[in-house]
$ cat structure_5.txt   # compact mmCIF, C-alpha atoms and all ligand atoms
# COMPACT_ATOMS: atom_id res chain seq x y z
CA MET X 15 128.32 142.93 182.03
CA ALA X 16 131.54 144.67 181.01
CA ARG X 17 132.33 146.75 177.95
CA ILE X 18 135.19 144.98 176.20
CA GLY X 19 137.34 145.81 173.18
CA PHE X 20 138.99 142.91 171.32
CA VAL X 21 141.57 143.29 168.55
CA GLY X 22 143.04 140.33 166.62
CA LEU X 23 140.35 137.79 165.75
CA GLY X 24 142.44 134.96 164.27
CA ASN X 25 142.63 131.30 165.28
CA MET X 26 142.84 132.21 168.97
CA GLY X 27 141.32 135.69 169.29
CA GLY X 28 138.17 134.89 167.28
CA PRO X 29 136.89 132.14 169.59
CA MET X 30 138.06 134.05 172.68
CA ALA X 31 136.05 137.13 171.67
CA ARG X 32 133.02 134.97 170.88
CA ASN X 33 133.23 133.36 174.33
CA LEU X 34 133.09 136.85 175.87
CA VAL X 35 129.95 137.58 173.85
CA LYS X 36 128.47 134.28 175.07
CA ALA X 37 129.26 135.30 178.65
CA GLY X 38 127.02 138.36 178.16
CA HIS X 39 129.55 141.17 177.63
CA ALA X 40 129.31 144.00 175.09
CA VAL X 41 132.30 143.26 172.87
CA ALA X 42 133.62 145.69 170.22
CA VAL X 43 135.81 143.81 167.74
CA PHE X 44 138.43 144.71 165.12
CA ASP X 45 140.81 142.83 162.84
CA THR X 46 142.51 143.91 159.63
CA VAL X 47 140.78 140.94 157.94
CA PRO X 48 137.10 141.92 157.44
CA ASP X 49 135.82 138.29 157.24
CA LEU X 50 137.10 137.62 160.76
CA VAL X 51 135.25 140.70 162.06
CA ALA X 52 132.09 139.53 160.28
CA ARG X 53 132.30 136.11 161.96
CA CYS X 54 132.38 137.69 165.40
CA ALA X 55 129.62 140.15 164.45
CA ALA X 56 127.44 137.19 163.42
CA ALA X 57 127.98 135.82 166.94
CA GLY X 58 126.76 139.08 168.51
CA ALA X 59 129.88 141.28 168.79
CA ALA X 60 129.87 144.93 167.64
CA PRO X 61 132.15 145.48 164.62
CA VAL X 62 134.17 148.73 164.67
CA GLY X 63 136.35 150.38 162.02
CA SER X 64 139.73 150.54 163.77
CA ALA X 65 141.78 149.20 166.67
CA ALA X 66 141.46 152.58 168.42
CA ASP X 67 137.67 152.41 168.13
CA ALA X 68 137.70 148.99 169.79
CA ALA X 69 139.70 150.43 172.70
CA ARG X 70 137.57 153.57 173.17
CA ASP X 71 135.09 153.49 176.08
CA ALA X 72 135.92 149.88 177.06
CA ASP X 73 136.45 148.72 180.65
CA LEU X 74 138.91 146.08 179.44
CA VAL X 75 140.75 145.96 176.12
CA PHE X 76 142.32 142.78 174.70
CA THR X 77 144.78 142.12 171.90
CA MET X 78 145.60 138.69 170.43
CA LEU X 79 148.16 139.40 167.70
CA PRO X 80 150.96 137.43 165.98
CA ALA X 81 154.18 138.96 167.39
CA GLY X 82 155.88 141.80 169.28
CA GLN X 83 155.93 144.29 166.41
CA HIS X 84 152.16 143.93 165.89
CA VAL X 85 151.56 144.45 169.61
CA ARG X 86 153.78 147.56 169.74
CA ASP X 87 152.15 148.98 166.65
CA ALA X 88 148.59 148.30 167.81
CA TRP X 89 148.97 149.83 171.29
CA LEU X 90 151.57 152.57 170.76
CA GLY X 91 152.06 153.05 166.99
CA GLY X 92 149.56 153.41 164.16
CA GLY X 93 146.84 151.53 166.07
CA ARG X 94 146.83 154.20 168.85
CA MET X 95 144.95 151.86 171.18
CA ALA X 96 146.59 152.97 174.44
CA ALA X 97 145.91 156.66 173.76
CA ALA X 98 142.31 155.94 172.74
CA SER X 99 141.55 153.86 175.85
CA ARG X 100 139.99 155.26 179.03
CA PRO X 101 142.61 156.23 181.67
CA ASP X 102 141.00 153.73 184.10
CA ALA X 103 140.75 150.88 181.56
CA VAL X 104 142.63 147.60 182.06
CA LEU X 105 144.64 146.69 178.95
CA VAL X 106 145.46 143.02 178.34
CA ASP X 107 147.73 141.59 175.66
CA CYS X 108 147.24 137.82 175.26
CA SER X 109 149.71 137.40 172.35
CA THR X 110 152.94 135.45 172.84
CA ILE X 111 155.73 138.02 172.49
CA ASP X 112 159.19 138.72 173.89
CA VAL X 113 159.52 139.79 177.51
CA ALA X 114 161.31 143.03 176.61
CA ALA X 115 158.53 144.16 174.25
CA ALA X 116 155.87 143.26 176.83
CA ARG X 117 157.63 145.42 179.45
CA GLU X 118 158.16 148.27 177.00
CA VAL X 119 154.51 148.39 175.88
CA ALA X 120 153.26 148.14 179.48
CA ALA X 121 155.49 151.01 180.60
CA ALA X 122 154.67 153.25 177.62
CA SER X 123 150.91 152.60 177.68
CA GLY X 124 150.29 154.89 180.66
CA ARG X 125 147.55 152.49 181.79
CA ALA X 126 147.18 149.38 183.95
CA PHE X 127 148.61 146.86 181.48
CA LEU X 128 148.75 143.07 181.75
CA ASP X 129 150.72 140.60 179.62
CA ALA X 130 148.59 137.45 179.63
CA PRO X 131 149.81 134.83 177.13
CA VAL X 132 147.95 131.54 177.04
CA SER X 133 148.47 127.84 176.77
CA GLY X 134 145.79 125.47 175.51
CA GLY X 135 145.83 126.23 171.78
CA VAL X 136 142.86 126.63 169.46
CA MET X 137 140.87 123.90 171.21
CA GLY X 138 141.39 125.70 174.51
CA ALA X 139 140.31 129.00 172.96
CA GLU X 140 137.17 127.42 171.51
CA GLY X 141 136.26 125.46 174.63
CA ALA X 142 137.17 128.30 177.06
CA THR X 143 139.72 126.05 178.77
CA LEU X 144 142.85 128.21 178.28
CA THR X 145 145.42 128.85 181.00
CA PHE X 146 146.47 132.52 181.30
CA MET X 147 149.95 133.40 182.65
CA VAL X 148 149.73 136.99 183.76
CA GLY X 149 152.24 139.75 184.47
CA GLY X 150 151.37 143.25 185.69
CA PRO X 151 149.90 145.10 188.67
CA GLN X 152 147.90 142.97 191.14
CA PRO X 153 144.82 145.28 191.22
CA ALA X 154 144.54 145.09 187.41
CA PHE X 155 144.87 141.31 187.61
CA ALA X 156 142.06 141.20 190.19
CA GLN X 157 139.84 143.21 187.81
CA ALA X 158 140.67 141.06 184.78
CA GLU X 159 140.63 137.64 186.47
CA PRO X 160 136.85 136.99 186.32
CA ILE X 161 136.81 137.89 182.61
CA LEU X 162 139.90 135.76 181.86
CA LYS X 163 138.15 132.83 183.54
CA GLN X 164 135.27 133.18 181.10
CA MET X 165 137.79 132.39 178.33
CA GLY X 166 139.81 129.84 180.28
CA ARG X 167 140.09 127.46 183.16
CA ALA X 168 142.88 129.18 185.07
CA ALA X 169 144.58 132.56 185.37
CA ILE X 170 147.85 132.64 187.30
CA HIS X 171 149.36 135.93 188.42
CA CYS X 172 153.11 135.46 187.90
CA GLY X 173 154.49 138.86 188.96
CA GLU X 174 155.07 142.31 187.50
CA ALA X 175 155.08 143.35 183.80
CA GLY X 176 156.63 140.70 181.56
CA ALA X 177 156.25 137.88 184.09
CA GLY X 178 153.48 136.21 182.07
CA GLN X 179 155.68 136.13 178.95
CA ALA X 180 158.62 134.91 181.05
CA ALA X 181 156.52 132.02 182.41
CA LYS X 182 155.34 131.09 178.90
CA ALA X 183 158.90 131.10 177.45
CA CYS X 184 160.25 128.97 180.32
CA ASN X 185 157.33 126.51 180.20
CA ASN X 186 157.56 126.00 176.45
CA MET X 187 161.32 125.51 176.60
CA ILE X 188 160.70 122.64 179.06
CA LEU X 189 157.97 121.28 176.79
CA ALA X 190 160.13 121.36 173.63
CA ALA X 191 163.13 119.66 175.26
CA THR X 192 161.02 116.93 176.91
CA MET X 193 159.15 116.29 173.67
CA ILE X 194 162.37 115.90 171.68
CA VAL X 195 163.94 113.49 174.17
CA THR X 196 160.68 111.54 174.45
CA CYS X 197 160.72 111.15 170.65
CA GLU X 198 164.37 110.08 170.79
CA ALA X 199 163.52 107.43 173.40
CA PHE X 200 160.82 105.94 171.12
CA VAL X 201 163.23 105.97 168.17
CA LEU X 202 165.89 104.20 170.24
CA ALA X 203 163.29 101.70 171.48
CA GLU X 204 162.36 100.92 167.85
CA LYS X 205 166.03 100.17 167.07
CA LEU X 206 166.27 97.98 170.18
CA GLY X 207 163.14 96.00 169.33
CA LEU X 208 161.23 97.37 172.33
CA SER X 209 157.55 98.04 171.56
CA HIS X 210 156.03 101.51 171.86
CA GLN X 211 153.49 100.20 174.35
CA ALA X 212 156.14 98.57 176.55
CA LEU X 213 158.21 101.77 176.71
CA PHE X 214 155.06 103.78 177.43
CA ASP X 215 153.92 101.39 180.18
CA VAL X 216 157.30 101.55 181.91
CA ALA X 217 158.21 105.23 181.44
CA SER X 218 154.71 106.52 182.26
CA LYS X 219 155.05 104.88 185.69
CA SER X 220 158.76 105.66 186.14
CA SER X 221 161.02 108.66 186.35
CA GLY X 222 160.82 109.22 182.57
CA GLN X 223 157.19 110.34 182.99
CA SER X 224 156.18 113.74 181.56
CA TRP X 225 153.25 115.55 179.91
CA SER X 226 154.92 114.94 176.52
CA LEU X 227 154.69 111.19 177.18
CA THR X 228 151.42 110.67 179.04
CA THR X 229 149.17 113.36 177.53
CA TYR X 230 150.76 114.00 174.15
CA CYS X 231 152.54 110.73 173.32
CA PRO X 232 154.46 111.21 170.02
CA VAL X 233 153.72 107.69 168.68
CA PRO X 234 150.24 106.39 167.81
CA GLY X 235 148.55 103.96 170.19
CA PRO X 236 149.29 104.53 173.86
CA VAL X 237 147.41 107.88 174.14
CA PRO X 238 144.51 107.74 171.65
CA GLY X 239 143.85 111.52 171.67
CA SER X 240 147.41 112.60 170.84
CA PRO X 241 148.20 114.16 167.41
CA ALA X 242 150.34 111.09 166.51
CA ASN X 243 147.03 109.23 166.01
CA ARG X 244 145.87 111.68 163.33
CA ASP X 245 149.03 111.91 161.24
CA TYR X 246 150.40 114.75 163.41
CA ALA X 247 147.70 117.27 162.49
CA PRO X 248 148.11 120.12 165.04
CA GLY X 249 147.50 120.51 167.97
CA PHE X 250 150.29 122.93 168.49
CA SER X 251 152.26 123.48 165.32
CA ALA X 252 156.03 123.07 165.06
CA ALA X 253 156.15 126.63 163.65
CA LEU X 254 154.62 128.05 166.84
CA MET X 255 156.98 125.94 168.97
CA ALA X 256 159.96 127.31 167.02
CA LYS X 257 158.62 130.83 167.56
CA ASP X 258 158.34 130.29 171.33
CA LEU X 259 161.84 128.75 171.51
CA GLY X 260 163.15 131.82 169.66
CA LEU X 261 161.58 134.03 172.34
CA ALA X 262 163.19 131.90 175.08
CA ALA X 263 166.57 132.15 173.30
CA GLN X 264 166.18 135.93 173.02
CA ALA X 265 165.38 136.17 176.75
CA ALA X 266 168.38 133.96 177.56
CA ALA X 267 170.68 136.17 175.46
CA GLU X 268 169.34 139.35 177.06
CA THR X 269 169.78 138.04 180.61
CA GLY X 270 172.94 135.95 180.17
CA ALA X 271 171.15 132.73 181.23
CA ALA X 272 172.75 129.46 180.08
CA THR X 273 170.12 127.40 178.19
CA PRO X 274 172.10 124.89 176.06
CA MET X 275 169.21 122.38 175.89
CA GLY X 276 166.79 125.14 174.90
CA ALA X 277 169.23 126.29 172.21
CA LYS X 278 169.56 122.74 170.86
CA ALA X 279 165.76 122.35 170.84
CA LEU X 280 165.47 125.57 168.81
CA GLU X 281 168.11 124.30 166.36
CA LEU X 282 166.22 121.00 165.90
CA TYR X 283 162.83 122.70 165.40
CA GLN X 284 164.39 125.11 162.89
CA ALA X 285 165.75 122.11 160.97
CA PHE X 286 162.27 120.53 161.12
CA LEU X 287 160.74 123.73 159.70
CA GLU X 288 163.34 123.79 156.91
CA ALA X 289 162.42 120.18 156.10
CA GLY X 290 158.79 121.29 155.66
CA GLY X 291 157.42 120.32 159.10
CA GLY X 292 156.20 123.76 160.20
CA GLY X 293 152.51 123.04 159.66
CA THR X 294 152.52 119.71 161.47
CA ASP X 295 152.17 119.19 165.19
CA PHE X 296 155.38 119.75 167.17
CA SER X 297 155.39 116.07 168.21
CA GLY X 298 155.82 115.24 164.49
CA ILE X 299 159.52 116.03 164.90
CA ILE X 300 159.86 112.29 165.64
CA ARG X 301 159.73 111.75 161.87
CA MET X 302 162.82 113.90 161.37
CA LEU X 303 164.60 112.23 164.29
CA ARG X 304 163.91 108.79 162.77
CA GLY X 305 165.50 109.93 159.52
CA ALA X 306 168.45 111.76 161.10
CA ALA X 307 170.47 108.81 162.30
P1 LIG I 1 146.51 134.34 163.85
O1 LIG I 1 147.52 134.77 162.84
O2 LIG I 1 145.47 133.34 163.49
O3 LIG I 1 145.73 135.66 164.39
C1 LIG I 1 146.30 136.93 164.54
C2 LIG I 1 145.30 137.96 164.02
O4 LIG I 1 145.80 139.27 164.24
C3 LIG I 1 145.04 137.84 162.51
O5 LIG I 1 143.67 137.64 162.29
C4 LIG I 1 145.52 139.18 161.95
O6 LIG I 1 144.74 139.63 160.86
C5 LIG I 1 145.34 140.08 163.17
N1 LIG I 1 146.14 141.30 163.13
C6 LIG I 1 147.46 141.44 162.85
N2 LIG I 1 147.82 142.74 162.97
C7 LIG I 1 146.69 143.42 163.31
C8 LIG I 1 146.42 144.80 163.58
N3 LIG I 1 147.38 145.70 163.52
N4 LIG I 1 145.15 145.14 163.90
C9 LIG I 1 144.18 144.20 163.98
N5 LIG I 1 144.38 142.89 163.74
C10 LIG I 1 145.62 142.51 163.41
O7 LIG I 1 147.35 133.88 165.13
P2 LIG I 1 146.80 132.99 166.36
O8 LIG I 1 147.06 131.56 166.11
O9 LIG I 1 145.44 133.46 166.73
O10 LIG I 1 147.87 133.42 167.49
C11 LIG I 1 147.80 134.67 168.14
C12 LIG I 1 148.85 134.70 169.24
O11 LIG I 1 148.60 133.63 170.16
C13 LIG I 1 150.29 134.51 168.75
O12 LIG I 1 151.13 135.36 169.47
C14 LIG I 1 150.58 133.05 169.04
O13 LIG I 1 151.95 132.79 169.27
C15 LIG I 1 149.76 132.85 170.32
N6 LIG I 1 149.35 131.45 170.57
C16 LIG I 1 148.81 130.70 169.57
C17 LIG I 1 148.42 129.39 169.82
C18 LIG I 1 147.81 128.53 168.72
O14 LIG I 1 147.70 127.31 168.93
N7 LIG I 1 147.39 129.10 167.59
C19 LIG I 1 148.59 128.86 171.10
C20 LIG I 1 149.11 129.65 172.12
C21 LIG I 1 149.49 130.96 171.83
$ encode --input "structure_5.txt" --output "structure tokens"
Amino acid sequence: MARIGFVGLGNMGGPMARNLVKAGHAVAVFDTVPDLVARCAAAGAAPVGSAADAARDADLVFTMLPAGQHVRDAWLGGGRMAAASRPDAVLVDCSTIDVAAAREVAAASGRAFLDAPVSGGVMGAEGATLTFMVGGPQPAFAQAEPILKQMGRAAIHCGEAGAGQAAKACNNMILAATMIVTCEAFVLAEKLGLSHQALFDVASKSSGQSWSLTTYCPVPGPVPGSPANRDYAPGFSAALMAKDLGLAAQAAAETGAATPMGAKALELYQAFLEAGGGGTDFSGIIRMLRGAA
């Protein structure tokens, strides 16, 4: 049993913290929204009055917060989590934030700090099937790995500080671009009188194959579990995809990498958000593409 602090108990952090309780750990929890703390307390976690209190005395301390400024503030600013933590504690931020902020917080924390963003969404958080992409010192990763695997299926050490966020930004840029072009192929097929099923049957066994097609097909029918079959209820929302593409674009600007497809994907998702699609699944962008002839 480990002593764990967990701060940020929203859609992702709440179920993650509850899975740690289920695994038998002593988990001190904090969120600025009292109802979310109460839900975790009802599941057996110990509610505390501040982020610093959650960090105090813990072997491992987790954050799962919206964006870079929240992470900076929680660890280094008003939240004072880094200063309150034990010098030998392992600190783990699971939020999706920019690489530069992840490196800055890790360096300033004065502790063994891991950036460990996830893929798998809310279902993965609830079912403990997340994948963690981890940056930071190897010994800290070795300490955290067994605990991460109680919240997920896999934890991959990607390199030094920021490498987890880098892997997440690169992966989601691939995902966004392949989803958009998969949607475009279905729209073109519709115009050509080619059925969804026929395109799926061919492309899923040909060089057009991808996760966006075979696991997350953006039209109803061929993959019964995909969000297209439930009116594009997320899943992974278009708003979160736009956020992740923004982080990839920021990283590209900071490093001078050429990512024209990633930039175009960001532009298209921003247009989808402006058209009111932010709350729908990211595969729902096919509706906008159908309309934008
Ligand atoms: P969320 O908004 O549901 O949860 C964030 C929580 O942080 C909220 O409950 C909020 O009250 C709390 N919070 C904010 N500032 C705080 C502070 N200073 N102290 C304590 N609590 C504070 O967001 P989420 O969907 O759980 O996402 C969390 C992170 O995970 C984001 O970075 C997101 O990009 C990433 N992510 C989300 C998904 C998804 O499907 N939801 C998938 C992968 C990654």
$ closest_residue --input "structure_5.txt" --among "X:Lys163, X:Arg86, X:Arg244, X:Lys278" --to "Pro232 in chain X" --atoms "all atoms listed in the file"
X:Arg244
$ closest_atom_pairs --input "structure_5.txt" --of "chain X" --to "ligand LIG 1 (chain I)" --cutoff "9 Å" --atoms "only C-alpha atoms and all ligand atoms" --output "tab-separated table"
residue	atom	partner	partner_atom	distance
X:Val21	CA	I:LIG1	C9	5.3
X:Gly22	CA	I:LIG1	O4	3.8
X:Leu23	CA	I:LIG1	O5	4.8
X:Gly24	CA	I:LIG1	O3	3.4
X:Asn25	CA	I:LIG1	O9	3.8
X:Met26	CA	I:LIG1	O9	3.7
X:Gly27	CA	I:LIG1	O9	5.3
X:Gly28	CA	I:LIG1	O9	7.4
X:Phe44	CA	I:LIG1	C9	5.9
X:Asp45	CA	I:LIG1	N5	3.7
X:Thr46	CA	I:LIG1	N5	4.6
X:Val47	CA	I:LIG1	O6	5.1
X:Pro48	CA	I:LIG1	O6	8.7
X:Leu50	CA	I:LIG1	O5	6.7
X:Val51	CA	I:LIG1	O5	9.0
X:Ser64	CA	I:LIG1	N4	7.7
X:Ala65	CA	I:LIG1	N4	6.0
X:Thr77	CA	I:LIG1	N5	8.2
X:Met78	CA	I:LIG1	C11	5.1
X:Leu79	CA	I:LIG1	O4	4.2
X:Pro80	CA	I:LIG1	O12	4.1
X:Ala81	CA	I:LIG1	O12	5.2
X:Gly82	CA	I:LIG1	O12	8.0
X:Gln83	CA	I:LIG1	N2	8.9
X:His84	CA	I:LIG1	N2	5.4
X:Val85	CA	I:LIG1	N3	7.5
X:Asp87	CA	I:LIG1	N3	6.6
X:Ala88	CA	I:LIG1	N3	5.2
X:Trp89	CA	I:LIG1	N3	8.9
X:Gly92	CA	I:LIG1	N3	8.0
X:Gly93	CA	I:LIG1	N3	6.4
X:Cys108	CA	I:LIG1	O11	6.7
X:Ser109	CA	I:LIG1	O12	3.8
X:Thr110	CA	I:LIG1	O12	3.8
X:Ile111	CA	I:LIG1	O12	6.1
X:Pro131	CA	I:LIG1	C21	6.6
X:Val132	CA	I:LIG1	C20	5.4
X:Ser133	CA	I:LIG1	C20	5.0
X:Gly134	CA	I:LIG1	C19	6.2
X:Gly135	CA	I:LIG1	O14	3.6
X:Val136	CA	I:LIG1	O14	4.9
X:Met137	CA	I:LIG1	O14	8.0
X:Gly138	CA	I:LIG1	C19	8.6
X:Ala139	CA	I:LIG1	C19	8.5
X:Leu144	CA	I:LIG1	C20	8.9
X:Pro248	CA	I:LIG1	O14	8.2
X:Gly249	CA	I:LIG1	O14	6.9
X:Phe250	CA	I:LIG1	O14	5.1
X:Ser251	CA	I:LIG1	O14	7.0
X:Leu254	CA	I:LIG1	O13	6.0
X:Met255	CA	I:LIG1	O13	8.5
X:Lys257	CA	I:LIG1	O13	7.2
X:Asp258	CA	I:LIG1	O13	7.2
$ closest_residue --input "structure_5.txt" --among "X:Ala55, X:Val35, X:Ala279, X:Ala306" --to "Val201 in chain X" --atoms "all atoms listed in the file"
X:Ala306
$ closest_residue --input "structure_5.txt" --among "X:Gly124, X:Arg304, X:Val43, X:Gly166" --to "Ala56 in chain X" --atoms "only C-alpha atoms"
X:Val43
$ atom_distance --input "structure_5.txt" --atom1 "CA of Ala242 in chain X" --atom2 "CA of Glu204 in chain X"
15.8 Å
$ atom_distance --input "structure_5.txt" --atom1 "CA of Arg301 in chain X" --atom2 "CA of Asp245 in chain X"
10.7 Å
$ atom_distance --input "structure_5.txt" --atom1 "CA of Arg100 in chain X" --atom2 "CA of Ala72 in chain X"
7.0 Å
$ build_atoms --input "structure_5.txt" --residues "range 157-167 of chain X" --atoms "all heavy atoms" --output "PDB file, in the frame of the given file"
ATOM      1  N   GLN X 157     140.957 142.755 188.657  1.00  0.00           N
ATOM      2  CA  GLN X 157     139.840 143.210 187.810  1.00  0.00           C
ATOM      3  C   GLN X 157     139.645 142.289 186.604  1.00  0.00           C
ATOM      4  O   GLN X 157     138.527 142.003 186.201  1.00  0.00           O
ATOM      5  CB  GLN X 157     140.118 144.618 187.292  1.00  0.00           C
ATOM      6  CG  GLN X 157     139.573 145.733 188.162  1.00  0.00           C
ATOM      7  CD  GLN X 157     139.974 147.068 187.570  1.00  0.00           C
ATOM      8  OE1 GLN X 157     141.075 147.568 187.850  1.00  0.00           O
ATOM      9  NE2 GLN X 157     139.131 147.651 186.745  1.00  0.00           N
ATOM     10  N   ALA X 158     140.757 141.850 186.028  1.00  0.00           N
ATOM     11  CA  ALA X 158     140.670 141.060 184.780  1.00  0.00           C
ATOM     12  C   ALA X 158     140.347 139.592 185.040  1.00  0.00           C
ATOM     13  O   ALA X 158     139.770 138.921 184.177  1.00  0.00           O
ATOM     14  CB  ALA X 158     141.994 141.166 184.013  1.00  0.00           C
ATOM     15  N   GLU X 159     140.701 139.082 186.218  1.00  0.00           N
ATOM     16  CA  GLU X 159     140.630 137.640 186.470  1.00  0.00           C
ATOM     17  C   GLU X 159     139.255 137.020 186.147  1.00  0.00           C
ATOM     18  O   GLU X 159     139.197 135.993 185.454  1.00  0.00           O
ATOM     19  CB  GLU X 159     141.042 137.340 187.914  1.00  0.00           C
ATOM     20  CG  GLU X 159     141.228 135.851 188.168  1.00  0.00           C
ATOM     21  CD  GLU X 159     141.614 135.538 189.608  1.00  0.00           C
ATOM     22  OE1 GLU X 159     141.532 136.442 190.479  1.00  0.00           O
ATOM     23  OE2 GLU X 159     141.994 134.380 189.853  1.00  0.00           O
ATOM     24  N   PRO X 160     138.136 137.626 186.621  1.00  0.00           N
ATOM     25  CA  PRO X 160     136.850 136.990 186.320  1.00  0.00           C
ATOM     26  C   PRO X 160     136.573 136.888 184.819  1.00  0.00           C
ATOM     27  O   PRO X 160     135.968 135.924 184.354  1.00  0.00           O
ATOM     28  CB  PRO X 160     135.810 137.893 186.995  1.00  0.00           C
ATOM     29  CG  PRO X 160     136.569 138.852 187.842  1.00  0.00           C
ATOM     30  CD  PRO X 160     137.998 138.836 187.432  1.00  0.00           C
ATOM     31  N   ILE X 161     137.040 137.891 184.067  1.00  0.00           N
ATOM     32  CA  ILE X 161     136.810 137.890 182.610  1.00  0.00           C
ATOM     33  C   ILE X 161     137.726 136.847 181.956  1.00  0.00           C
ATOM     34  O   ILE X 161     137.314 136.115 181.056  1.00  0.00           O
ATOM     35  CB  ILE X 161     137.125 139.286 182.006  1.00  0.00           C
ATOM     36  CG1 ILE X 161     136.395 140.378 182.787  1.00  0.00           C
ATOM     37  CG2 ILE X 161     136.822 139.327 180.514  1.00  0.00           C
ATOM     38  CD1 ILE X 161     134.990 140.648 182.436  1.00  0.00           C
ATOM     39  N   LEU X 162     138.983 136.765 182.418  1.00  0.00           N
ATOM     40  CA  LEU X 162     139.900 135.760 181.860  1.00  0.00           C
ATOM     41  C   LEU X 162     139.313 134.365 182.078  1.00  0.00           C
ATOM     42  O   LEU X 162     139.397 133.496 181.200  1.00  0.00           O
ATOM     43  CB  LEU X 162     141.282 135.863 182.519  1.00  0.00           C
ATOM     44  CG  LEU X 162     142.063 137.163 182.275  1.00  0.00           C
ATOM     45  CD1 LEU X 162     143.365 137.164 183.069  1.00  0.00           C
ATOM     46  CD2 LEU X 162     142.353 137.353 180.791  1.00  0.00           C
ATOM     47  N   LYS X 163     138.691 134.166 183.222  1.00  0.00           N
ATOM     48  CA  LYS X 163     138.150 132.830 183.540  1.00  0.00           C
ATOM     49  C   LYS X 163     136.909 132.505 182.729  1.00  0.00           C
ATOM     50  O   LYS X 163     136.453 131.358 182.747  1.00  0.00           O
ATOM     51  CB  LYS X 163     137.902 132.717 185.036  1.00  0.00           C
ATOM     52  CG  LYS X 163     139.219 132.587 185.804  1.00  0.00           C
ATOM     53  CD  LYS X 163     139.005 132.024 187.174  1.00  0.00           C
ATOM     54  CE  LYS X 163     140.323 131.717 187.848  1.00  0.00           C
ATOM     55  NZ  LYS X 163     140.214 131.811 189.304  1.00  0.00           N
ATOM     56  N   GLN X 164     136.357 133.493 182.027  1.00  0.00           N
ATOM     57  CA  GLN X 164     135.270 133.180 181.100  1.00  0.00           C
ATOM     58  C   GLN X 164     135.826 132.738 179.736  1.00  0.00           C
ATOM     59  O   GLN X 164     135.091 132.250 178.892  1.00  0.00           O
ATOM     60  CB  GLN X 164     134.354 134.399 180.948  1.00  0.00           C
ATOM     61  CG  GLN X 164     133.571 134.631 182.242  1.00  0.00           C
ATOM     62  CD  GLN X 164     132.813 135.943 182.264  1.00  0.00           C
ATOM     63  OE1 GLN X 164     133.218 136.938 181.653  1.00  0.00           O
ATOM     64  NE2 GLN X 164     131.699 135.948 182.964  1.00  0.00           N
ATOM     65  N   MET X 165     137.136 132.885 179.562  1.00  0.00           N
ATOM     66  CA  MET X 165     137.790 132.390 178.330  1.00  0.00           C
ATOM     67  C   MET X 165     138.705 131.212 178.644  1.00  0.00           C
ATOM     68  O   MET X 165     139.307 130.649 177.730  1.00  0.00           O
ATOM     69  CB  MET X 165     138.631 133.505 177.689  1.00  0.00           C
ATOM     70  CG  MET X 165     137.820 134.692 177.222  1.00  0.00           C
ATOM     71  SD  MET X 165     138.843 135.912 176.371  1.00  0.00           S
ATOM     72  CE  MET X 165     139.641 136.727 177.752  1.00  0.00           C
ATOM     73  N   GLY X 166     138.861 130.891 179.913  1.00  0.00           N
ATOM     74  CA  GLY X 166     139.810 129.840 180.280  1.00  0.00           C
ATOM     75  C   GLY X 166     139.477 129.203 181.601  1.00  0.00           C
ATOM     76  O   GLY X 166     138.525 129.584 182.276  1.00  0.00           O
ATOM     77  N   ARG X 167     140.297 128.227 181.933  1.00  0.00           N
ATOM     78  CA  ARG X 167     140.090 127.460 183.160  1.00  0.00           C
ATOM     79  C   ARG X 167     140.870 128.071 184.324  1.00  0.00           C
ATOM     80  O   ARG X 167     140.460 127.974 185.460  1.00  0.00           O
ATOM     81  CB  ARG X 167     140.600 126.031 182.928  1.00  0.00           C
ATOM     82  CG  ARG X 167     139.591 125.010 183.323  1.00  0.00           C
ATOM     83  CD  ARG X 167     140.030 123.572 183.242  1.00  0.00           C
ATOM     84  NE  ARG X 167     140.998 123.204 182.262  1.00  0.00           N
ATOM     85  CZ  ARG X 167     140.841 122.215 181.390  1.00  0.00           C
ATOM     86  NH1 ARG X 167     139.700 121.558 181.348  1.00  0.00           N
ATOM     87  NH2 ARG X 167     141.796 121.871 180.563  1.00  0.00           N
TER      88      ARG X 167
END
